file work_24.cif (mmCIF, C-alpha atoms)
data_start
#
loop_
_atom_site.label_atom_id
_atom_site.label_comp_id
_atom_site.auth_asym_id
_atom_site.auth_seq_id
_atom_site.Cartn_x
_atom_site.Cartn_y
_atom_site.Cartn_z
CA PRO A 131 31.82 11.92 -6.27
CA ALA A 132 32.45 8.45 -7.61
CA VAL A 133 35.26 6.55 -5.89
CA GLU A 134 37.37 6.65 -9.06
CA GLU A 135 36.86 10.40 -9.44
CA PHE A 136 37.85 11.09 -5.84
CA GLN A 137 40.93 8.88 -6.04
CA LEU A 138 42.05 10.60 -9.26
CA LEU A 139 41.54 14.07 -7.75
CA ARG A 140 43.36 13.13 -4.56
CA SER A 141 46.32 11.71 -6.49
CA ILE A 142 46.58 14.98 -8.42
CA CYS A 143 46.61 17.00 -5.18
CA GLU A 144 49.18 14.69 -3.59
CA ALA A 145 51.43 15.05 -6.62
CA ASP A 146 51.03 18.85 -6.63
CA PRO A 147 49.60 20.29 -3.39
CA GLN A 148 49.61 23.77 -4.97
CA ALA A 149 47.57 22.70 -8.00
CA PRO A 150 44.76 25.23 -8.57
CA LEU A 151 41.32 23.68 -8.06
CA ALA A 152 38.01 25.07 -9.18
CA LEU A 153 35.10 25.17 -6.74
CA PRO A 154 33.57 21.89 -7.98
CA GLU A 155 36.89 20.09 -7.55
CA ARG A 156 37.37 21.52 -4.04
CA TYR A 157 33.83 20.40 -3.19
CA MET A 158 34.49 16.90 -4.50
CA LEU A 159 37.74 16.70 -2.53
CA ALA A 160 36.06 17.79 0.72
CA VAL A 161 33.01 15.57 0.35
CA GLY A 162 35.04 12.59 -0.80
CA ALA A 163 37.17 12.81 2.33
CA VAL A 164 34.12 12.17 4.56
CA PRO A 165 34.26 8.55 5.79
CA GLN A 166 31.66 6.33 4.10
CA VAL A 167 30.20 9.35 2.30
CA GLN A 168 28.17 7.36 -0.23
CA ALA A 169 26.66 5.17 2.48
CA ARG A 170 25.80 8.29 4.49
CA VAL A 171 24.06 10.01 1.60
CA SER A 172 22.14 6.90 0.59
CA CYS A 173 20.99 6.20 4.16
CA LEU A 174 20.05 9.83 4.81
CA LEU A 175 18.03 9.96 1.60
CA PHE A 176 16.16 6.81 2.61
CA LEU A 177 15.49 8.08 6.14
CA HIS A 178 14.09 11.35 4.78
CA THR A 179 11.78 9.75 2.21
CA TYR A 180 10.50 6.42 3.55
CA ASP A 181 8.06 7.89 6.09
CA ALA A 182 5.73 9.41 3.47
CA SER A 183 5.45 6.06 1.67
CA VAL A 184 4.88 4.15 4.91
CA SER A 185 2.18 6.61 6.01
CA GLU A 186 0.27 6.40 2.72
CA LEU A 187 0.54 2.62 2.44
CA SER A 188 -0.47 2.10 6.08
CA THR A 189 -3.54 4.29 5.59
CA ASN A 190 -4.63 2.29 2.53
CA LEU A 191 -4.05 -1.02 4.30
CA ARG A 192 -6.09 0.10 7.32
CA ILE A 193 -8.93 1.21 5.05
CA PHE A 194 -8.90 -2.23 3.42
CA ALA A 195 -8.79 -3.96 6.81
CA SER A 196 -11.78 -1.92 8.02
CA ALA A 197 -13.69 -2.77 4.85
CA CYS A 198 -13.03 -6.49 5.35
CA GLU A 199 -14.05 -6.31 9.02
CA SER A 200 -17.31 -4.55 8.16
CA LEU A 201 -18.19 -7.23 5.62
CA ARG A 202 -17.20 -10.03 7.96
CA HIS A 203 -19.25 -8.81 10.92
CA SER A 204 -22.29 -7.25 9.23
CA THR A 205 -25.42 -9.24 10.12
CA THR A 206 -27.48 -7.25 7.62
CA PHE A 207 -25.07 -8.14 4.81
CA LEU A 208 -25.60 -11.81 5.66
CA THR A 209 -29.34 -11.21 5.40
CA LEU A 210 -28.85 -9.64 1.98
CA LEU A 211 -26.82 -12.64 0.81
CA GLY A 212 -29.57 -14.91 2.10
CA VAL A 213 -32.19 -13.03 0.09
CA VAL A 214 -30.02 -13.23 -3.04
CA LEU A 215 -29.58 -16.98 -2.52
CA ALA A 216 -33.32 -17.47 -2.11
CA VAL A 217 -34.08 -15.43 -5.24
CA GLY A 218 -31.53 -17.42 -7.19
CA ASN A 219 -33.04 -20.71 -6.10
CA ILE A 220 -36.51 -19.52 -7.09
CA LEU A 221 -35.34 -18.38 -10.52
CA ASN A 222 -33.42 -21.62 -11.03
CA ALA A 223 -36.14 -23.92 -9.70
CA GLY A 224 -36.35 -27.15 -11.66
CA THR A 225 -32.78 -26.87 -12.92
CA PRO A 226 -29.53 -28.40 -11.58
CA ARG A 227 -28.70 -24.96 -10.17
CA GLY A 228 -31.82 -24.83 -8.01
CA GLN A 229 -31.78 -25.53 -4.27
CA ALA A 230 -28.21 -24.27 -3.95
CA ASP A 231 -26.65 -23.92 -0.50
CA GLY A 232 -24.51 -20.96 -1.55
CA PHE A 233 -23.19 -18.98 -4.48
CA ASP A 234 -20.04 -17.30 -5.76
CA LEU A 235 -19.89 -13.66 -4.65
CA ASP A 236 -19.03 -12.69 -8.23
CA ALA A 237 -22.69 -13.41 -8.97
CA LEU A 238 -23.56 -10.15 -7.18
CA ARG A 239 -22.09 -8.29 -10.15
CA LYS A 240 -24.58 -9.94 -12.48
CA LEU A 241 -27.80 -9.09 -10.64
CA ASP A 242 -28.45 -6.12 -12.92
CA THR A 243 -28.55 -8.42 -15.97
CA ILE A 244 -31.78 -10.11 -14.84
CA ARG A 245 -34.61 -7.66 -15.58
CA ASP A 246 -38.39 -7.65 -15.30
CA ALA A 247 -40.76 -7.62 -18.28
CA SER A 248 -40.64 -3.83 -18.51
CA GLY A 249 -36.86 -3.83 -18.64
CA LYS A 250 -36.80 -0.95 -16.14
CA LYS A 251 -36.06 -2.91 -13.00
CA ASP A 252 -33.69 -5.77 -12.27
CA VAL A 253 -33.22 -8.29 -9.47
CA ARG A 254 -31.47 -5.71 -7.31
CA HIS A 255 -34.66 -3.72 -6.94
CA PHE A 256 -36.50 -6.78 -5.67
CA VAL A 257 -33.70 -7.74 -3.27
CA TYR A 258 -33.45 -4.26 -1.80
CA ALA A 259 -37.23 -4.12 -1.44
CA GLN A 260 -37.04 -7.16 0.84
CA LEU A 261 -34.46 -5.29 2.97
CA ARG A 262 -36.42 -2.05 3.15
CA ASP A 263 -36.52 -2.07 6.95
CA ASP A 264 -32.84 -2.98 7.22
CA GLY A 265 -31.49 -0.59 4.61
CA GLU A 266 -30.23 1.97 7.10
CA ALA A 267 -28.48 -0.71 9.15
CA LEU A 268 -26.92 -2.18 6.01
CA PHE A 269 -25.32 1.10 4.94
CA ARG A 270 -24.24 1.85 8.50
CA GLU A 271 -22.58 -1.53 8.99
CA LEU A 272 -20.92 -1.45 5.57
CA ALA A 273 -19.80 2.21 5.76
CA PRO A 274 -16.06 1.29 5.80
CA ALA A 275 -16.48 -0.99 2.78
CA ILE A 276 -18.46 1.64 0.89
CA ALA A 277 -15.81 4.28 1.67
CA ALA A 278 -13.09 2.01 0.27
CA VAL A 279 -14.73 1.96 -3.17
CA GLN A 280 -14.13 4.65 -5.77
CA ARG A 281 -16.96 5.39 -8.17
CA THR A 282 -16.53 6.99 -11.57
CA VAL A 283 -19.09 7.72 -14.24
CA GLY A 284 -18.17 6.75 -17.78
CA ALA A 285 -19.58 5.20 -20.91
CA ASP A 286 -19.82 1.56 -21.91
CA LYS A 287 -18.90 0.20 -25.35
CA ASP A 288 -22.28 1.29 -26.70
CA GLY A 289 -21.92 4.82 -25.39
CA ALA A 290 -24.44 4.42 -22.59
CA THR A 291 -23.64 5.99 -19.23
CA GLU A 292 -22.45 3.57 -16.59
CA MET A 293 -20.92 3.77 -13.14
CA LYS A 294 -17.65 1.96 -12.65
CA LYS A 295 -16.55 0.83 -9.21
CA ALA A 296 -13.13 -0.21 -7.97
CA LEU A 297 -11.07 -0.13 -4.80
CA ARG A 298 -9.55 3.29 -4.29
CA CYS A 299 -6.14 1.63 -4.25
CA PRO A 300 -5.68 -1.84 -5.79
CA ILE A 301 -4.75 -3.80 -2.69
CA GLU A 302 -2.38 -6.14 -4.54
CA ASP A 303 -0.34 -3.10 -5.61
CA VAL A 304 -0.37 -1.71 -2.07
CA ILE A 305 0.93 -5.01 -0.67
CA ALA A 306 3.64 -5.14 -3.34
CA SER A 307 4.67 -1.56 -2.53
CA ALA A 308 4.80 -2.37 1.19
CA ASN A 309 7.08 -5.32 0.45
CA GLY A 310 9.19 -2.99 -1.67
CA VAL A 311 9.62 -0.56 1.24
CA ARG A 312 10.68 -3.47 3.44
CA GLY A 313 13.27 -4.47 0.84
CA GLU A 314 14.62 -0.91 0.65
CA PHE A 315 14.90 -0.79 4.44
CA ASN A 316 16.80 -4.07 4.55
CA LYS A 317 19.21 -2.85 1.87
CA HIS A 318 19.90 0.47 3.58
CA ASN A 319 20.07 -1.07 7.04
CA GLU A 320 22.77 -3.43 5.80
CA LEU A 321 24.58 -0.47 4.24
CA PHE A 322 24.30 1.41 7.54
CA VAL A 323 25.73 -1.51 9.54
CA GLN A 324 28.69 -1.76 7.17
CA ALA A 325 29.33 1.98 7.50
CA MET A 326 29.13 1.77 11.30
CA GLN A 327 31.77 -0.95 11.31
CA ALA A 328 34.09 1.15 9.16
CA ILE A 329 33.78 4.36 11.23
CA THR A 330 35.76 4.30 14.50
CA ASP A 331 35.11 7.88 15.63
CA ARG A 332 32.48 7.54 18.38
CA ALA A 333 31.54 11.21 17.99
CA ASP A 334 30.76 10.79 14.30
CA PRO A 335 27.15 11.93 13.66
CA LEU A 336 26.46 8.69 11.83
CA ARG A 337 27.27 6.68 14.96
CA VAL A 338 25.46 9.11 17.26
CA ARG A 339 22.18 9.80 15.42
CA MET A 340 21.52 7.14 12.81
CA PRO A 341 21.05 4.10 15.10
CA ARG A 342 17.98 5.75 16.66
CA LEU A 343 16.63 6.83 13.25
CA PHE A 344 16.98 3.32 11.85
CA GLU A 345 15.34 1.84 14.93
CA GLU A 346 12.37 4.18 14.47
CA ALA A 347 12.22 3.24 10.79
CA LYS A 348 12.28 -0.47 11.68
CA GLU A 349 9.33 -0.10 14.07
CA LYS A 350 7.22 1.70 11.47
CA ILE A 351 8.11 -0.71 8.68
CA ASP A 352 7.49 -3.76 10.90
CA GLU A 353 4.01 -2.37 11.59
CA LEU A 354 3.51 -1.84 7.85
CA ALA A 355 4.59 -5.43 7.17
CA THR A 356 2.05 -6.68 9.72
CA LEU A 357 -0.73 -4.72 7.99
CA ALA A 358 0.36 -6.05 4.59
CA ALA A 359 0.39 -9.65 5.87
CA ALA A 360 -3.12 -9.21 7.29
CA ALA A 361 -4.33 -7.77 3.97
CA LYS A 362 -2.86 -10.75 2.13
CA GLU A 363 -4.72 -13.12 4.47
CA ASN A 364 -7.96 -11.21 3.89
CA LEU A 365 -7.49 -11.59 0.14
CA ALA A 366 -7.01 -15.32 0.48
CA ALA A 367 -10.00 -15.74 2.83
#

call {"tool": "encode", "arguments": {"input": "work_24.cif", "output": "structure tokens"}}
result
Amino acid sequence: PAVEEFQLLRSICEADPQAPLALPERYMLAVGAVPQVQARVSCLLFLHTYDASVSELSTNLRIFASACESLRHSTTFLTLLGVVLAVGNILNAGTPRGQADGFDLDALRKLDTIRDASGKKDVRHFVYAQLRDDGEALFRELAPAIAAVQRTVGADKDGATEMKKALRCPIEDVIASANGVRGEFNKHNELFVQAMQAITDRADPLRVRMPRLFEEAKEKIDELATLAAAAKENLAA
């Protein structure tokens, strides 16, 4: 019950202890008499629901971390980038863009736009042909990155079939959600501390059980925050 509702009901009972009360009113009177009842309910609800969110977010952040590690440490992927750079320099020979020392990774998305005379093959076919002997190693080393990508078949603006690729979970949204869980924990932890200060009965279940539950929650959410911070660094790298 709201504080105002409980106070009104209690004043009625104090004025007339024999006043007949329906079941809902008796329930409100009993629940409202529990010390710090609203803080208890809010904290209990948080403690019973946060774990599912933390588990899902942690899984997504670990998948992203594994994908980044596989890209960072794959020697075959570096070879592929070297081939792409060499092809780009050959195609751009004699222009200001020739003899480049590197390229923006977004250029990898445009490889399919450069086709041969038949129009059936593009630069990707040539690049992969140069890596024929390393193809198995490439897919093995990049397995975590490949697993982190969701593929869906759809149609482009002209109605032609195309495959769309995206991260299974947009990492920016995952990081934002992780920060949101941290904010919810801080809010409820503060509420819990205030309730603890107001309850003097040392045998009260809130004083006996909740400190351990909040400590467990803090450990899990601290670990989640660490994963989110690492993901943010990977994005900025």

call {"tool": "residues_around", "arguments": {"input": "work_24.cif", "residues": "region 301-318 of chain A", "least_positions_apart": "5", "cutoff": "12 Å", "atoms": "all atoms listed in the file", "output": "ChimeraX atom specification"}}
result
/A:168-177,179-195,197-198,278-279,296,323-325,340,343-366

call {"tool": "atom_distance", "arguments": {"input": "work_24.cif", "atom1": "CA of His178 (chain A)", "atom2": "CA of Gln327 (chain A)"}}
result
22.5 Å

call {"tool": "resolve_selection", "arguments": {"input": "work_24.cif", "expression": "the PyMOL selection byres ((chain A and resi 232) around 10)", "output": "list in words"}}
result
Leu211, Gly212, Val214, Leu215, Ala216, Gly218, Asn219, Gln229, Ala230, Asp231, Phe233, Asp234 and Leu235 of chain A

call {"tool": "residues_near_point", "arguments": {"input": "work_24.cif", "point": "(-24.9, -8.2, 10.7)", "cutoff": "12 Å", "atoms": "only C-alpha atoms", "output": "list in words"}}
result
Glu199, Ser200, Leu201, Arg202, His203, Ser204, Thr205, Thr206, Phe207, Leu208, Thr209, Leu210, Leu211, Gly212, Asp264, Gly265, Ala267, Leu268, Phe269, Arg270, Glu271 and Leu272 of chain A

call {"tool": "residues_around", "arguments": {"input": "work_24.cif", "residues": "Lys294 (chain A)", "least_positions_apart": "2", "cutoff": "10 Å", "atoms": "only C-alpha atoms", "output": "list in words"}}
result
Val279, Gln280, Arg281, Thr282, Val283, Gly284, Ala285, Asp286, Thr291, Glu292 and Ala296 of chain A

call {"tool": "atom_distance", "arguments": {"input": "work_24.cif", "atom1": "CA of Asp334 (chain A)", "atom2": "CA of Leu138 (chain A)"}}
result
26.1 Å

call {"tool": "closest_residue", "arguments": {"input": "work_24.cif", "among": "A:Gln148, A:Gln137, A:Ser248, A:Gln166", "to": "Pro335 (chain A)", "atoms": "all atoms listed in the file"}}
result
A:Gln166

call {"tool": "residues_around", "arguments": {"input": "work_24.cif", "residues": "Asp246 (chain A)", "least_positions_apart": "4", "cutoff": "10 Å", "atoms": "all atoms listed in the file", "output": "list in words"}}
result
Lys250, Lys251, Asp252, Val253, His255 and Phe256 of chain A

call {"tool": "residues_near_point", "arguments": {"input": "work_24.cif", "point": "(40.0, 14.1, -3.8)", "cutoff": "8 Å", "atoms": "all atoms listed in the file", "output": "PyMOL selection string"}}
result
chain A and resi 135-141+143+155-156+158-160+162-163

call {"tool": "atom_distance", "arguments": {"input": "work_24.cif", "atom1": "CA of Ala275 (chain A)", "atom2": "CA of Leu297 (chain A)"}}
result
9.4 Å
